[in-house]
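Shown next, in structure tokens, is the structure this report addresses.
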Amino acid sequence: LGDVYKRQLVDTSGAYCGIGAEERGEGHAIAQCITAMMGLKVPEISLIIGEGGSGGALALAVADEVWMTENAVYSVISPEGCASILWKDPAKVADAAECLKMTAADLYGLGVVDRILLETGGDSVVFSTLKVLLARKLRALCAVEPDELVRARYNRFRAFGDFLTL
């Protein structure tokens with residue numbers, strides 16, 4: 001492509017959740033990463049390839065587009081952590097996973113993920129498809145002015161969330 005751009009693979013169980021981690025500034029580091037990624041003036045595409053968990057994955061997936069492989073998961077918290085906090089019952093992990101809407105299909109439906117990459121046909125097919133799709137999307141993003149990229153990325157993330165009145 002010849003232009004400057006950023007793409008990354010995200011596969012992390014996420015940040016350790018404990019008092020010690022917070023005392024050492026984990027939350028601050030995640031916030032700094034989100035801020036830095038949000039302001040990059042180059043095209044960014046993040047691909048979640050396995051587990052995208054916790055604030056660490058959220059920070060790494062600040063991008064113009066977020067893609068997921070069809071069997072990946074992406075969430076602000078693990079189902080185990082969610083069950084522990086909401087119900088104080090580890091047996092509620094399946095309920096938590098359903099509530100979190102963390103599958104590629106769920107997140108695509110919510111508009112959080114822009115593309116789901118099928119994992120059929122073997123690695124060579126998957127990677128060939130990925131190469132073509134990345135080149136096409138990055139070429140289009142490289143044509144956008146840097147300040148407009150930042151503005152659009154900011155607006156994309158500000159639009160997440162749906163508020164219901166009960």
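Each chain of the structure tokens is named A, B, ... in the order shown, its residues numbered from 1; ligands are numbered from 1 in display order.
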
#### Entry: Close residues, Arg151 of chain A itself excluded, 10 Å, only C-alpha atoms, min 4 positions apart in chain, as a list of chain:residue names
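What passes the distance filter is A:Met38, A:Gly39, A:Lys41, A:Pro146, A:Asp147, A:Asn155, A:Arg156.
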
### Message
If DSSP is run on the backbone, what residues of chain A are strand (DSSP E)? A reply as a list in words would be ideal.
### Response
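Answer for chain A restricted to strand (DSSP E) is Lys6, Arg7, Gln8, Leu9, Val10, Asp11, Thr12, Glu44, Ile45, Ser46, Leu47, Ile48, Ile49, Gly50, Glu51, Gly52, Gly53, Glu65, Val66, Trp67, Met68, Thr69, Val73, Tyr74, Ser75, Arg115, Ile116 and Leu117 of chain A.
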
Got a sec: who's within 12 Å of Tyr154 of chain A, counting only C-alpha atoms, leaving out chain neighbours fewer than 2 positions off, as a tab-separated table (two decimals) with N, CA and C atoms, in the first residue's frame?
```tsv
chain	number	residue	atom	x	y	z
A	34	ILE	N	-6.28	3.93	25.43
A	34	ILE	CA	-7.49	4.30	24.69
A	34	ILE	C	-7.35	5.71	24.13
A	35	THR	N	-6.86	6.63	24.94
A	35	THR	CA	-6.68	8.01	24.51
A	35	THR	C	-5.70	8.10	23.35
A	36	ALA	N	-4.58	7.39	23.47
A	36	ALA	CA	-3.57	7.42	22.40
A	36	ALA	C	-4.10	6.81	21.11
A	37	MET	N	-4.78	5.68	21.21
A	37	MET	CA	-5.31	5.02	20.01
A	37	MET	C	-6.39	5.88	19.35
A	38	MET	N	-7.18	6.55	20.15
A	38	MET	CA	-8.26	7.37	19.61
A	38	MET	C	-7.69	8.53	18.78
A	39	GLY	N	-6.51	9.04	19.16
A	39	GLY	CA	-5.96	10.21	18.48
A	39	GLY	C	-4.97	9.92	17.37
A	40	LEU	N	-4.70	8.64	17.07
A	40	LEU	CA	-3.76	8.35	15.99
A	40	LEU	C	-4.30	8.85	14.66
A	41	LYS	N	-3.44	9.49	13.89
A	41	LYS	CA	-3.87	10.08	12.62
A	41	LYS	C	-3.56	9.19	11.43
A	62	VAL	N	-9.41	-0.02	19.84
A	62	VAL	CA	-9.87	1.30	19.40
A	62	VAL	C	-9.35	1.47	17.98
A	63	ALA	N	-10.24	1.49	17.01
A	63	ALA	CA	-9.81	1.50	15.61
A	63	ALA	C	-10.93	2.04	14.74
A	64	ASP	N	-10.58	2.32	13.49
A	64	ASP	CA	-11.58	2.77	12.52
A	64	ASP	C	-12.57	1.65	12.24
A	65	GLU	N	-12.07	0.42	12.24
A	65	GLU	CA	-12.93	-0.75	12.10
A	65	GLU	C	-12.41	-1.85	13.01
A	147	ASP	N	-7.31	14.15	10.02
A	147	ASP	CA	-8.22	14.73	11.00
A	147	ASP	C	-9.62	14.15	10.89
A	148	GLU	N	-10.04	13.81	9.69
A	148	GLU	CA	-11.35	13.20	9.50
A	148	GLU	C	-11.36	11.77	10.06
A	149	LEU	N	-10.26	11.03	9.91
A	149	LEU	CA	-10.15	9.68	10.51
A	149	LEU	C	-10.38	9.76	12.01
A	150	VAL	N	-9.67	10.69	12.66
A	150	VAL	CA	-9.78	10.84	14.11
A	150	VAL	C	-11.21	11.21	14.50
A	151	ARG	N	-11.81	12.14	13.78
A	151	ARG	CA	-13.17	12.59	14.07
A	151	ARG	C	-14.16	11.44	13.89
A	152	ALA	N	-14.03	10.71	12.81
A	152	ALA	CA	-14.95	9.59	12.54
A	152	ALA	C	-14.78	8.48	13.58
A	156	ARG	N	-17.63	7.23	16.09
A	156	ARG	CA	-18.00	5.81	16.07
A	156	ARG	C	-18.15	5.29	17.49
A	157	PHE	N	-17.16	5.58	18.32
A	157	PHE	CA	-17.20	5.07	19.68
A	157	PHE	C	-18.19	5.81	20.56
A	158	ARG	N	-18.41	7.08	20.31
A	158	ARG	CA	-19.40	7.83	21.08
A	158	ARG	C	-20.82	7.34	20.80
A	159	ALA	N	-21.03	6.75	19.63
A	159	ALA	CA	-22.37	6.29	19.25
A	159	ALA	C	-22.73	4.95	19.89
A	160	PHE	N	-21.77	4.24	20.47
A	160	PHE	CA	-22.08	2.94	21.07
A	160	PHE	C	-22.99	3.11	22.27
```

### Query
atom CA of Ala83 of chain A to atom CA of Ser13 of chain A: how many Å, to one decimal?
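Interatomic distance, atom CA of Ala83 of chain A to atom CA of Ser13 of chain A: 16.2 Å.
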
### Query
Which residues, written as a list of chain:residue names, have at least one atom at most 8 Å from Ile48 of chain A, with only C-alpha atoms counted and residues fewer than 4 positions away on the same chain left out?
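Answer for this query is A:Leu9, A:Val10, A:Asp11, A:Gly52, A:Ala61, A:Val66, A:Trp67, A:Met68, A:Thr69, A:Ala72, A:Val73, A:Tyr74.
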
### Query
Residues at most 9 Å from Ala94 of chain A, counting only C-alpha atoms, excluding those fewer than 2 positions away in the same chain, as a ChimeraX atom specification?
/A:79-80,83,91-92,96-99

Could those selected residues go to a file with all heavy atoms, as a short mmCIF file (atom, residue, chain, number, x, y, z; two decimals), in the first residue's frame?
```cif
data_model
loop_
_atom_site.label_atom_id
_atom_site.label_comp_id
_atom_site.auth_asym_id
_atom_site.auth_seq_id
_atom_site.Cartn_x
_atom_site.Cartn_y
_atom_site.Cartn_z
N PRO A 79 -17.21 -13.83 31.40
CA PRO A 79 -18.46 -14.34 31.97
C PRO A 79 -18.29 -14.75 33.44
O PRO A 79 -19.19 -14.55 34.25
CB PRO A 79 -18.80 -15.54 31.10
CG PRO A 79 -18.11 -15.28 29.81
CD PRO A 79 -16.85 -14.54 30.16
N GLU A 80 -17.11 -15.28 33.77
CA GLU A 80 -16.85 -15.68 35.16
C GLU A 80 -16.86 -14.47 36.09
O GLU A 80 -17.47 -14.50 37.17
CB GLU A 80 -15.49 -16.41 35.26
CG GLU A 80 -15.44 -17.73 34.54
CD GLU A 80 -15.19 -17.62 33.03
OE1 GLU A 80 -14.95 -16.50 32.52
OE2 GLU A 80 -15.24 -18.66 32.36
N ALA A 83 -20.51 -13.14 36.36
CA ALA A 83 -21.35 -13.97 37.24
C ALA A 83 -21.00 -13.74 38.70
O ALA A 83 -21.88 -13.67 39.56
CB ALA A 83 -21.18 -15.45 36.88
N ALA A 91 -21.86 -20.57 39.13
CA ALA A 91 -22.70 -21.45 38.31
C ALA A 91 -23.50 -20.66 37.27
O ALA A 91 -24.08 -21.24 36.36
CB ALA A 91 -23.64 -22.26 39.20
N LYS A 92 -23.52 -19.34 37.38
CA LYS A 92 -24.28 -18.49 36.46
C LYS A 92 -23.44 -18.02 35.26
O LYS A 92 -23.82 -17.07 34.58
CB LYS A 92 -24.81 -17.26 37.21
CG LYS A 92 -25.77 -17.58 38.32
CD LYS A 92 -27.15 -17.72 37.76
CE LYS A 92 -28.17 -17.75 38.89
NZ LYS A 92 -29.50 -17.75 38.36
N ALA A 96 -24.38 -15.29 32.34
CA ALA A 96 -23.57 -14.08 32.16
C ALA A 96 -23.10 -13.96 30.72
O ALA A 96 -23.17 -12.88 30.12
CB ALA A 96 -22.38 -14.09 33.12
N ALA A 97 -22.63 -15.06 30.14
CA ALA A 97 -22.15 -15.03 28.75
C ALA A 97 -23.27 -14.60 27.81
O ALA A 97 -23.04 -13.80 26.89
CB ALA A 97 -21.61 -16.40 28.35
N GLU A 98 -24.47 -15.07 28.04
CA GLU A 98 -25.61 -14.68 27.20
C GLU A 98 -25.91 -13.20 27.37
O GLU A 98 -26.15 -12.48 26.40
CB GLU A 98 -26.84 -15.53 27.53
CG GLU A 98 -28.09 -15.15 26.77
CD GLU A 98 -27.95 -15.24 25.26
OE1 GLU A 98 -27.20 -16.10 24.76
OE2 GLU A 98 -28.59 -14.43 24.56
N CYS A 99 -25.90 -12.71 28.58
CA CYS A 99 -26.20 -11.30 28.86
C CYS A 99 -25.14 -10.37 28.26
O CYS A 99 -25.46 -9.26 27.84
CB CYS A 99 -26.28 -11.05 30.36
SG CYS A 99 -27.74 -11.76 31.14
#
```

### Query
How many Å lie between atom CA of Ala143 of chain A and atom CA of Phe127 of chain A, rounded to one decimal?
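One can read the atom CA of Ala143 of chain A to atom CA of Phe127 of chain A distance as 24.3 Å.
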